[in-house]
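Chemist: I'd like to ask you about the structure that follows.
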Amino acid sequence: MKIVVGLGNPGKQYEDTRHNVGWMVLDRLAERAGLTGRARARDAAATVHGRYNDLDLMLVKPTTYMNLSGTAVRKVLARQRVPLEDMLVVVDDFDLPLGRIRVRAEGSAGTHNGLRSIIGELGSQRFARLRVGIGPPLRAAKDHVLSRFSAGERDTLEQVIDAAADAIEDWAHDGAARAANKWNAWFATPEPASAEDDDETERSDEPVIVRRSTGWRRLLPRLGRGSE
């Protein structure tokens, strides 16, 4: 079994805040797997378990506040008897710009209180984590992480949540090192207005990476007429 923990804060006042992006990613994965609405409350967390894409997955949202997340994680791991190498924690990171994600096999908590709690409860840093960029604070860090994404950030956020869900699947299938190699250089870019933009719309020299039904696709810059 692979356990994926998404960190966030419970309560209506925290819904869709930057600090809850870990929950948003888990919601996207649950939606893909057909597990939405099947969560149960247990071990200080909302958990759901099922098969998806040849994976035996448990998705875990600690329902403690962020700085007590480790309590729920310790209880879930003990009940399921799952080793640390089979757990991934999804967290927000204001040291990464919005539009970037980062997979790591292990590491310190940095400034994240949720990771600090988990490391404290488990006595180990040796678990994988997926950091999701929420952009640097323009105000006090606490105010920033508890703020909501602006309307102008929502398109980028949607790409990021899809990419993060894909990165989780890659981690579960191939391990942290391969997932990191694939996703740590990824960045969200503006999506063309329509599929016809592939042929009809002028583009800059920068490649655009968009998500299609067949997967992520890199759109190459359009050549000038003189090069055709």
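All residue names refer to the structure tokens as shown: chains lettered A, B, ... in order, residues numbered from 1 in each chain, ligands numbered from 1 in order.
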DSSP on the backbone, then: every residue of region 71-110 of chain A marked helix (DSSP H, G or I), written as a ChimeraX atom specification.
Modeler: /A:71-80,84-86
Chemist: May I have the residues from that selection written out with N, CA and C atoms, as a short mmCIF file (atom, residue, chain, number, x, y, z; two decimals), in the first residue's frame?
Modeler:
```cif
data_model
loop_
_atom_site.label_atom_id
_atom_site.label_comp_id
_atom_site.auth_asym_id
_atom_site.auth_seq_id
_atom_site.Cartn_x
_atom_site.Cartn_y
_atom_site.Cartn_z
N THR A 71 0.50 13.76 14.62
CA THR A 71 -0.29 12.84 15.44
C THR A 71 -1.09 11.89 14.54
N ALA A 72 -1.78 12.47 13.55
CA ALA A 72 -2.58 11.66 12.64
C ALA A 72 -1.70 10.74 11.81
N VAL A 73 -0.58 11.26 11.31
CA VAL A 73 0.31 10.45 10.46
C VAL A 73 0.86 9.27 11.24
N ARG A 74 1.28 9.48 12.47
CA ARG A 74 1.81 8.38 13.29
C ARG A 74 0.75 7.30 13.51
N LYS A 75 -0.50 7.72 13.79
CA LYS A 75 -1.56 6.74 14.04
C LYS A 75 -1.90 5.94 12.79
N VAL A 76 -1.95 6.60 11.63
CA VAL A 76 -2.27 5.90 10.39
C VAL A 76 -1.17 4.90 10.04
N LEU A 77 0.08 5.30 10.15
CA LEU A 77 1.18 4.39 9.83
C LEU A 77 1.20 3.18 10.77
N ALA A 78 0.91 3.43 12.05
CA ALA A 78 0.90 2.32 13.01
C ALA A 78 -0.23 1.35 12.71
N ARG A 79 -1.40 1.86 12.40
CA ARG A 79 -2.54 0.99 12.12
C ARG A 79 -2.33 0.19 10.83
N GLN A 80 -1.81 0.84 9.80
CA GLN A 80 -1.64 0.18 8.50
C GLN A 80 -0.34 -0.61 8.39
N LEU A 84 7.98 3.81 6.17
CA LEU A 84 8.09 5.22 5.78
C LEU A 84 8.35 5.39 4.29
N GLU A 85 9.05 4.44 3.67
CA GLU A 85 9.37 4.60 2.24
C GLU A 85 8.12 4.48 1.36
N ASP A 86 7.00 4.06 1.93
CA ASP A 86 5.76 3.96 1.17
C ASP A 86 4.79 5.10 1.49
#
```
Chemist: Need the shell around region 23-34 of chain A: protein/DNA/RNA residues with any atom at most 9 Å away, counting only C-alpha atoms. Skip same-chain ones fewer than 5 positions apart. Format as a list in words?
Modeler: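 Neighbouring residues, sequence-local ones excluded: Val4, Val5, Gly6, Leu7, Gly8, Asn9, Asp16, Val48, Gly50, Arg51, Tyr52, Asn53, Leu59, Val60, Lys61, Val90, Val91, Val160, Ile161, Asp162, Ala164, Ala165, Asp166, Ile168 and Glu169 of chain A.
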Chemist: Which of these residues is nearest to His173 (chain A), using only C-alpha atoms: A:Asp54, A:Gly110, A:Arg42, A:Pro137?
Modeler: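 For His173 (chain A), the nearest of the candidates is A:Asp54.
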Chemist: I'd like the contact shell of Gly70 (chain A) - 9 Å cut-off, only C-alpha atoms, skipping same-chain residues fewer than 3 positions apart - returned as a list of chain:residue names.
Modeler: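 In the requested form, the answer reads A:Pro62, A:Thr64, A:Met66, A:Asn67, A:Val73, A:Arg74, A:Lys75, A:Gly114, A:Leu115, A:Arg116, A:Ser117, A:Ile118, A:Ile119, A:Gly120, A:Glu121, A:Leu122.
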Chemist: Restricting it to N, CA and C atoms, dump the selection as an mmCIF file, in the first residue's frame.
Modeler:
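The result, written out as part-v9.cif:
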```
data_model
loop_
_atom_site.group_PDB
_atom_site.id
_atom_site.type_symbol
_atom_site.label_atom_id
_atom_site.label_comp_id
_atom_site.auth_asym_id
_atom_site.auth_seq_id
_atom_site.Cartn_x
_atom_site.Cartn_y
_atom_site.Cartn_z
ATOM 1 N N PRO A 62 -5.042 14.762 7.522
ATOM 2 C CA PRO A 62 -5.121 14.975 8.967
ATOM 3 C C PRO A 62 -6.164 16.049 9.285
ATOM 4 N N THR A 64 -6.468 17.298 12.378
ATOM 5 C CA THR A 64 -5.915 18.186 13.396
ATOM 6 C C THR A 64 -5.545 19.489 12.686
ATOM 7 N N MET A 66 -2.710 22.187 11.395
ATOM 8 C CA MET A 66 -1.461 21.917 10.692
ATOM 9 C C MET A 66 -0.325 21.532 11.634
ATOM 10 N N ASN A 67 -0.161 22.264 12.737
ATOM 11 C CA ASN A 67 1.005 22.021 13.591
ATOM 12 C C ASN A 67 0.882 20.757 14.444
ATOM 13 N N VAL A 73 -0.582 11.255 11.307
ATOM 14 C CA VAL A 73 0.307 10.452 10.461
ATOM 15 C C VAL A 73 0.857 9.265 11.244
ATOM 16 N N ARG A 74 1.279 9.485 12.470
ATOM 17 C CA ARG A 74 1.810 8.383 13.294
ATOM 18 C C ARG A 74 0.746 7.304 13.508
ATOM 19 N N LYS A 75 -0.498 7.715 13.787
ATOM 20 C CA LYS A 75 -1.558 6.745 14.037
ATOM 21 C C LYS A 75 -1.896 5.944 12.789
ATOM 22 N N GLY A 114 3.709 21.765 9.567
ATOM 23 C CA GLY A 114 3.154 20.433 9.400
ATOM 24 C C GLY A 114 4.242 19.382 9.269
ATOM 25 N N LEU A 115 5.247 19.662 8.435
ATOM 26 C CA LEU A 115 6.373 18.741 8.313
ATOM 27 C C LEU A 115 7.136 18.621 9.631
ATOM 28 N N ARG A 116 7.283 19.729 10.320
ATOM 29 C CA ARG A 116 7.981 19.699 11.614
ATOM 30 C C ARG A 116 7.267 18.771 12.594
ATOM 31 N N SER A 117 5.937 18.816 12.603
ATOM 32 C CA SER A 117 5.159 17.947 13.486
ATOM 33 C C SER A 117 5.325 16.480 13.114
ATOM 34 N N ILE A 118 5.287 16.189 11.817
ATOM 35 C CA ILE A 118 5.431 14.800 11.372
ATOM 36 C C ILE A 118 6.810 14.252 11.733
ATOM 37 N N ILE A 119 7.843 15.028 11.466
ATOM 38 C CA ILE A 119 9.202 14.587 11.786
ATOM 39 C C ILE A 119 9.354 14.377 13.289
ATOM 40 N N GLY A 120 8.766 15.273 14.079
ATOM 41 C CA GLY A 120 8.833 15.137 15.529
ATOM 42 C C GLY A 120 8.145 13.874 16.029
ATOM 43 N N GLU A 121 6.975 13.551 15.475
ATOM 44 C CA GLU A 121 6.234 12.370 15.907
ATOM 45 C C GLU A 121 6.897 11.079 15.448
ATOM 46 N N LEU A 122 7.452 11.076 14.239
ATOM 47 C CA LEU A 122 8.042 9.858 13.686
ATOM 48 C C LEU A 122 9.509 9.689 14.070
#
```
Chemist: Between CA of Ala128 (chain A) and CA of Leu88 (chain A), measure the distance and give it in Å to one decimal.
Modeler: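 Between these atoms lies a distance of 4.7 Å.
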Chemist: Counting only C-alpha atoms, figure out which residue out of A:Met58, A:Ala41, A:Met87, A:Ala46 gets nearest to Trp171 (chain A).
Modeler: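 Counting only C-alpha atoms, the residue closest to Trp171 (chain A) is A:Met87.
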Chemist: Mind the document's chain letters and residue numbers, and return as a PDB file with N, CA and C atoms, in the first residue's frame the residues of region 108-194 of chain A that DSSP labels strand (DSSP E).
Modeler:
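Ended up saving to out-v5.pdb:
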```pdb
ATOM      1  N   ALA A 128       9.185  10.604   1.755  1.00  0.00           N
ATOM      2  CA  ALA A 128       9.103  11.457   0.572  1.00  0.00           C
ATOM      3  C   ALA A 128       8.114  12.580   0.799  1.00  0.00           C
ATOM      4  N   ARG A 129       8.357  13.691   0.117  1.00  0.00           N
ATOM      5  CA  ARG A 129       7.418  14.815   0.174  1.00  0.00           C
ATOM      6  C   ARG A 129       7.327  15.461  -1.199  1.00  0.00           C
ATOM      7  N   LEU A 130       6.147  15.980  -1.469  1.00  0.00           N
ATOM      8  CA  LEU A 130       5.885  16.730  -2.692  1.00  0.00           C
ATOM      9  C   LEU A 130       5.545  18.148  -2.270  1.00  0.00           C
ATOM     10  N   ARG A 131       6.439  19.084  -2.586  1.00  0.00           N
ATOM     11  CA  ARG A 131       6.233  20.489  -2.237  1.00  0.00           C
ATOM     12  C   ARG A 131       5.551  21.192  -3.407  1.00  0.00           C
ATOM     13  N   VAL A 132       4.499  21.911  -3.101  1.00  0.00           N
ATOM     14  CA  VAL A 132       3.723  22.618  -4.118  1.00  0.00           C
ATOM     15  C   VAL A 132       3.894  24.116  -3.897  1.00  0.00           C
ATOM     16  N   GLY A 133       4.456  24.799  -4.875  1.00  0.00           N
ATOM     17  CA  GLY A 133       4.736  26.218  -4.723  1.00  0.00           C
ATOM     18  C   GLY A 133       3.466  27.055  -4.607  1.00  0.00           C
TER      19      GLY A 133
END
```
